[in-house]
Structure formats: C-alpha cells, structure tokens
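K.L.:
Take this structure, written in structure tokens, and hold onto it; I'll ask about it next.
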Amino acid sequence: MALRDFDSLAYIPLLSVRPGEMRALEELPDSTKDRMLPYVPLRPWVGSNRLQNALDRLEEAYGERPIIVGVGDREPTQQRPVFGELDRLRRADGGFASWCGFIEDHENFIPVAQLSPNTVEESAQIDCLWGFDRGLVIHLPRPAFPGMGALAQRVGNLTDGGDDVVFILDFQTVAADHLQVAALAQGYIATIRNGCPDAFICLSATSFPSSFDNLPAQQIYERRLFNQLTALGIPELIYSDRGSARIERPGGGGGQPYPRIDYPLAADWRFFRHETQSGFSGYQAQARLLAATQFWNPNIRVWGTQMIERTIAGDRSAISSPQKATAARINLHLQVQTFHDDPALAEETEDDWDE
C-alpha cells in the first residue's frame with residue numbers, strides 16, 4: 001500500500017528546494033500539509049556543499065510526512081561536492097542502484113522513477129522502487145510525451161497495471177490555449193491507461209507570467225485545463241501546479257524589480273505593482289491597495305496573510321523584497337489550491353497565530 005491514498009488526494013504542488021518555496025511550505029498550517037502531497041526534485045540548498053543540507057531543510061519545512069522526491073534536472077556544474085552526489089544518484093548502472101538505495105534509506109520518500117533510453121536499467125529501477133510499497137511516480141515532461149505509450153506499457157507490466165502509480169503529465173508552460181491542450185491531454189490519458197489501466201494521472205503546468213506590464217490580473221490556466229478535463233468525467237485525475245519563484249526584473253536588465261504584491265485566488269491571480277515608489281514604501285502602498293479590494297480575504301489566516309497585514313501596518317521586517325513577496329504569495333497559493341474544492345476549509349486553520 002502506498003504511503004498516501006492517491007484516491008483521496010486532490011493536489012500535488014511541484015516545489016523547489018529554494019528559500020522562498022521552503023519558507024512558504026514551512027509556514028503552512030499542519031492541516032494543509034497533511035492534505036497536500038508536494039513533489040520536490042532534489043537540488044543543492046543555497047550555497048551548501050552537501051546534499052544533506054537540502055534534505056535537512058526539506059524536513060524542517062515539511063516534517064517526516066510522506067513526500068514525493070525526484071533527483072531533479074542537472075544544473076550547471078559548480079565545484080561543490082553536492083553536484084557529484086546528485087550525479088551519482090543519476091547513474092543508471094545496476095538498475096539505478098544508487099537512486100534505489102537512497103530511496104530505501106529515506107522511508108517517507110515516495111520515489112520518482114528516472115527515465116532512461118536504457119530500458120533494461122529503467123525497468124529494473126521501476127521494479128525495485130515499486131517493490132518498496134510506498135507508491136511510485138512517473139514524471140513525464142512535455143519532451144517525453146512521444147514515448148509515453150511504450151513507457152506506460154512497461155510500467156503496467158511491472159506494477160500490476162499501475163497499482164499505486166501516479167503519472168505526472170507535465171505540460172510545463174500553458175496559456176490561453178488550454179482548450180487545445182485539454183483535447184491533447186484526453187488522448188495522452190487514454191494512451192497511458194491503455195498500458196496502465198489502474199494508474200492515477202496528475203496534470204501539471206504553470207501559467208504564472210514572466211512580465212507584468214499593464215497586467216492587473218491573469219487566469220490560472222492550469223486550473224482551467226484541469227477543470228475542463230474533470231468536466232468530461234475523466235476519473236482518477238489529480239491537480240498539480242508549480243510553486244513558481246520567478247522574480248521580475250525591470251526593463252533594461254539590472255536594478256531591483258518594481259515592488260509587487262501578488263494575490264492568489266482560486267482561479268486567477270491579482271497583481272499590484274508600483275513603478276514609481278521603490279523599497280518598502282512601494283510594497284506597503286501595493287499591500288494597502290490590495291486590502292481595499294473585494295478580492296482581499298483576511299479570513300484566510302495563514303502566514304502569507306499575516307505578512308501582507310504587517311506590511312500594511314508598517315512592519316519593515318515583513319514584505320520588503322521580491323524574495324519575501326514571493327514566499328508570501330506561494331504560501332497563500334498553496335493554501336487556496338489545497339482547499340480548492342472546499343474553500344471554507346481554507347479559513348479553518350488551527351495553528352497558533354501571532355498578532
């Protein structure tokens with residue numbers, strides 16, 4: 001039996017081991033952490049030399065709860081031992097023996113299988129990871145979609161038809177073309193279930209903008225994509241998105257980003273951006289504008305709400321930089337999306353609250 005009941009799971013956010021995302025996760029109420037299931041690809045923690053520092057930060061943020069863990073993409077190599085540790089986990093020899101051993105040593109990790117052109121090693125790895133009886137995740141980024149049929153057949157043969165297996169269909173970036181993407185997704189889902197009939201399928205994407213010029217709001221297109229497919233009655237689908245940590249830069253390259261407060265709702269983002277004031281006063285002005293709108297909900301009593309309220313009150317230790325604004329936004333977004341189907345529960349937090 002998997003470490004989590006995928007049948008009752010509604011949300012798998014993709015989070016990176018970066019300061020903003022780990023702080024946002026750490027500050028969530030325990031009830032929210034228990035309801036979601038993050039997927040975290042491993043990477044070095046800030047400037048650390050050891051992978052253990054990233055694992056320690058992840059545990060500090062999320063405790064020993066079950067969590068989906070993958071190796072992560074190879075980053076530009078630096079002269080730090082942690083990059084060698086990650087490369088060893090990526091080695092395919094022995095059926096990805098290093099990765100399987102790493103997962104075995106961390107009993108709360110639900111593993112993500114590494115894809116490989118060497119199907120013998122890949123299949124040996126899948127057999128090993130599934131044998132841990134924790135559940136298994138197959139992450140398919142968009143470039144891997146053409147091979148999903150053959151992969152699903154191999155996975156199905158090794159896992160009793162996909163028992164306790166989740167395929168993450170990662171569309172990466174989506175936009176207003178979500179209706180066309182939904183039509184494609186129907187075919188992909190059918191292809192996977194042809195080889196893996198009992199698998200769960202998770203739809204993941206991001207539509208968070210990279211530019212905010214004259215952009216007061218934007219729909220969350222990945223949520224619209226998911227809703228389009230669930231409206232068709234397709235069963236055993238799980239929603240996913242990214243805890244994006246993009247930081248906008250003003251035109252022309254260098255310099256500090258314009259002060260901006262992002263406010264997440266269930267189906268769209270609201271952006272409050274100041275192009276004349278800089279520093280804390282700019283963030284405070286935008287926080288005040290947000291609080292004066294009909295969208296502001298002070299009843300969602302989480303850390304992100306507190307950070308906005310403290311900024312309004314003049315607390316310079318609150319939102320005074322892009323990094324803090326990002327962490328507050330991600331914290332609120334995770335809270336709202338975790339309880340998307342029962343929004344009243346997003347306001348029922350039991351954790352202690354510092355006024």
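Residue names in the structure tokens use chain letters A, B, ... in the order shown, residue numbers from 1 in each chain, and ligand numbers from 1 in the order shown.
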Can you list, as a PyMOL selection string, every protein, DNA or RNA residue that comes within 10 Å of region 50-57 of chain A when you count only C-alpha atoms, leaving out same-chain residues fewer than 3 positions away?
P.N.:
chain A and resi 17-19+22-23+26+42-47+60-63+80-86+106
K.L.:
What's the 8 Å shell around Arg273 (chain A), counting only C-alpha atoms, without same-chain residues fewer than 4 positions away, as a ChimeraX atom specification?
P.N.:
/A:258-261,286
K.L.:
Write out, as a compact mmCIF listing (two decimals), in the first residue's frame, the residues just selected, with N, CA and C atoms.
P.N.:
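Done, and the output landed in result.txt:
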# COMPACT_ATOMS: atom_id res chain seq x y z
N TYR A 258 10.46 46.12 -9.63
CA TYR A 258 9.46 47.03 -9.08
C TYR A 258 8.73 46.34 -7.92
N PRO A 259 8.42 47.06 -6.86
CA PRO A 259 7.64 46.46 -5.77
C PRO A 259 6.32 45.89 -6.30
N ARG A 260 6.05 44.63 -5.96
CA ARG A 260 4.85 43.97 -6.47
C ARG A 260 4.32 43.00 -5.42
N ILE A 261 3.02 43.06 -5.17
CA ILE A 261 2.33 42.10 -4.32
C ILE A 261 1.42 41.27 -5.22
N GLN A 286 1.24 48.99 -2.26
CA GLN A 286 0.53 47.96 -3.00
C GLN A 286 -0.27 47.05 -2.08
K.L.:
Leaving out Met307 (chain A) and any residue of its chain fewer than 4 positions from it, which residues lie within 8 Å of it when counting only C-alpha atoms, given as a short mmCIF file (atom, residue, chain, number, x, y, z; two decimals) with C-alpha atoms, in the first residue's frame?
P.N.:
data_model
loop_
_atom_site.label_atom_id
_atom_site.label_comp_id
_atom_site.auth_asym_id
_atom_site.auth_seq_id
_atom_site.Cartn_x
_atom_site.Cartn_y
_atom_site.Cartn_z
CA TRP A 303 1.42 33.33 7.20
CA THR A 311 3.38 45.32 5.61
CA ALA A 318 7.51 41.89 6.59
CA ILE A 319 7.37 42.25 2.77
CA ALA A 328 4.06 35.14 0.90
#
K.L.:
Which residues come within 9 Å of Gln228 (chain A), counting only C-alpha atoms, excluding same-chain residues fewer than 6 positions away, as a list in words?
P.N.:
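Near Gln228 (chain A), the qualifying residues are His178, Leu179 and Ala182 of chain A.
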K.L.:
Nearest residue to Leu203 (chain A) out of A:Ala292, A:Ala10, A:Ile312, A:Leu215, using only C-alpha atoms?
P.N.:
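Closest to Leu203 (chain A) of all the choices is A:Ala10.
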K.L.:
Find, counting only C-alpha atoms, the residue in A:Thr159, A:Phe109, A:Asp241, A:Thr173 that gets nearest to Gln125 (chain A).
P.N.:
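The closest residue to Gln125 (chain A) is A:Thr159.
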K.L.:
Just how far from CA of Leu289 (chain A) is CA of Lys324 (chain A), in Å to one decimal?
P.N.:
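Taking CA of Lys324 (chain A) as the start and CA of Leu289 (chain A) as the end point, the length is 18.1 Å.
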K.L.:
Please list as a CSV table (one decimal) with N, CA and C atoms, in the first residue's frame every residue within 12 Å of Arg65 (chain A), counting only C-alpha atoms and excluding residues in the same chain fewer than 5 positions away.
P.N.:
chain,number,residue,atom,x,y,z
A,3,LEU,N,2.2,5.1,0.6
A,3,LEU,CA,2.3,5.9,1.9
A,3,LEU,C,1.2,6.9,1.9
A,4,ARG,N,0.6,7.3,0.8
A,4,ARG,CA,-0.6,8.2,0.7
A,4,ARG,C,-1.7,7.5,-0.1
A,30,ASP,N,-0.5,22.8,9.8
A,30,ASP,CA,-0.3,21.3,9.7
A,30,ASP,C,-1.4,20.7,9.0
A,31,SER,N,-2.6,21.2,9.1
A,31,SER,CA,-3.8,20.6,8.4
A,31,SER,C,-3.6,20.7,6.9
A,32,THR,N,-3.0,21.8,6.4
A,32,THR,CA,-2.8,21.9,5.0
A,32,THR,C,-1.7,21.0,4.5
A,33,LYS,N,-0.6,20.9,5.3
A,33,LYS,CA,0.5,20.0,4.9
A,33,LYS,C,0.0,18.5,4.9
A,34,ASP,N,-0.9,18.2,5.8
A,34,ASP,CA,-1.4,16.8,5.8
A,34,ASP,C,-2.3,16.5,4.6
A,35,ARG,N,-2.9,17.5,4.0
A,35,ARG,CA,-3.9,17.3,2.9
A,35,ARG,C,-3.2,17.3,1.6
A,36,MET,N,-2.2,18.1,1.4
A,36,MET,CA,-1.5,18.1,0.1
A,36,MET,C,-0.4,17.0,0.0
A,37,LEU,N,0.2,16.9,-1.1
A,37,LEU,CA,1.4,16.0,-1.2
A,37,LEU,C,2.4,16.6,-2.2
A,38,PRO,N,3.4,17.3,-1.7
A,38,PRO,CA,4.3,18.0,-2.5
A,38,PRO,C,5.3,17.0,-3.3
A,58,LEU,N,14.3,20.4,3.8
A,58,LEU,CA,13.0,19.9,3.5
A,58,LEU,C,12.3,19.3,4.7
A,59,GLU,N,13.0,18.6,5.5
A,59,GLU,CA,12.4,18.1,6.7
A,59,GLU,C,12.0,19.2,7.7
A,60,GLU,N,12.8,20.2,7.8
A,60,GLU,CA,12.4,21.4,8.6
A,60,GLU,C,11.1,22.0,8.1
A,106,HIS,N,15.4,6.5,3.0
A,106,HIS,CA,14.5,7.6,3.4
A,106,HIS,C,13.1,7.1,3.4
A,107,GLU,N,12.6,6.6,4.5
A,107,GLU,CA,11.4,5.8,4.5
A,107,GLU,C,10.1,6.6,4.2
A,108,ASN,N,10.2,7.9,4.3
A,108,ASN,CA,9.0,8.7,4.0
A,108,ASN,C,9.0,9.3,2.5
A,109,PHE,N,10.0,8.9,1.7
A,109,PHE,CA,10.0,9.3,0.3
A,109,PHE,C,9.2,8.4,-0.6
A,110,ILE,N,8.3,9.0,-1.3
A,110,ILE,CA,7.6,8.3,-2.4
A,110,ILE,C,8.5,8.6,-3.7
K.L.:
Between CA of Asp133 (chain A) and CA of Ser16 (chain A), measure the distance and give it in Å to one decimal.
P.N.:
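Computing it gives 25.2 Å between the two atoms.
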K.L.:
Any idea what's packed within 12 Å of Gly95 (chain A), counting only C-alpha atoms, ignoring anything in its chain fewer than 6 positions away? Could you give it as a VMD selection string?
P.N.:
chain A and resid 89 101 113 to 116 118 to 129
K.L.:
Please save C-alpha atoms of the selected residues as an mmCIF file, in the first residue's frame.
P.N.:
data_model
loop_
_atom_site.group_PDB
_atom_site.id
_atom_site.type_symbol
_atom_site.label_atom_id
_atom_site.label_comp_id
_atom_site.auth_asym_id
_atom_site.auth_seq_id
_atom_site.Cartn_x
_atom_site.Cartn_y
_atom_site.Cartn_z
ATOM 1 C CA LEU A 89 22.139 9.305 -7.880
ATOM 2 C CA GLY A 101 19.460 2.729 -2.245
ATOM 3 C CA ALA A 113 11.456 6.901 -11.354
ATOM 4 C CA GLN A 114 14.247 8.206 -13.568
ATOM 5 C CA LEU A 115 13.575 7.845 -17.286
ATOM 6 C CA SER A 116 16.331 6.379 -19.440
ATOM 7 C CA ASN A 118 18.329 2.115 -21.480
ATOM 8 C CA THR A 119 15.027 0.354 -20.891
ATOM 9 C CA VAL A 120 16.680 -2.607 -19.157
ATOM 10 C CA GLU A 121 18.121 -0.409 -16.398
ATOM 11 C CA GLU A 122 14.966 1.718 -16.311
ATOM 12 C CA SER A 123 12.726 -1.323 -15.875
ATOM 13 C CA ALA A 124 14.955 -2.777 -13.146
ATOM 14 C CA GLN A 125 14.704 0.542 -11.313
ATOM 15 C CA ILE A 126 10.905 0.688 -11.626
ATOM 16 C CA ASP A 127 10.629 -2.870 -10.326
ATOM 17 C CA CYS A 128 12.843 -2.010 -7.342
ATOM 18 C CA LEU A 129 11.133 1.268 -6.445
#
K.L.:
Would you list, as a ChimeraX atom specification, the residues of region 54-279 of chain A that end up in strand (DSSP E or B) under DSSP run on this structure's backbone?
P.N.:
/A:67-70,109-112,136-141,165-173,200-206,217-219,237-242,260-264,268-273
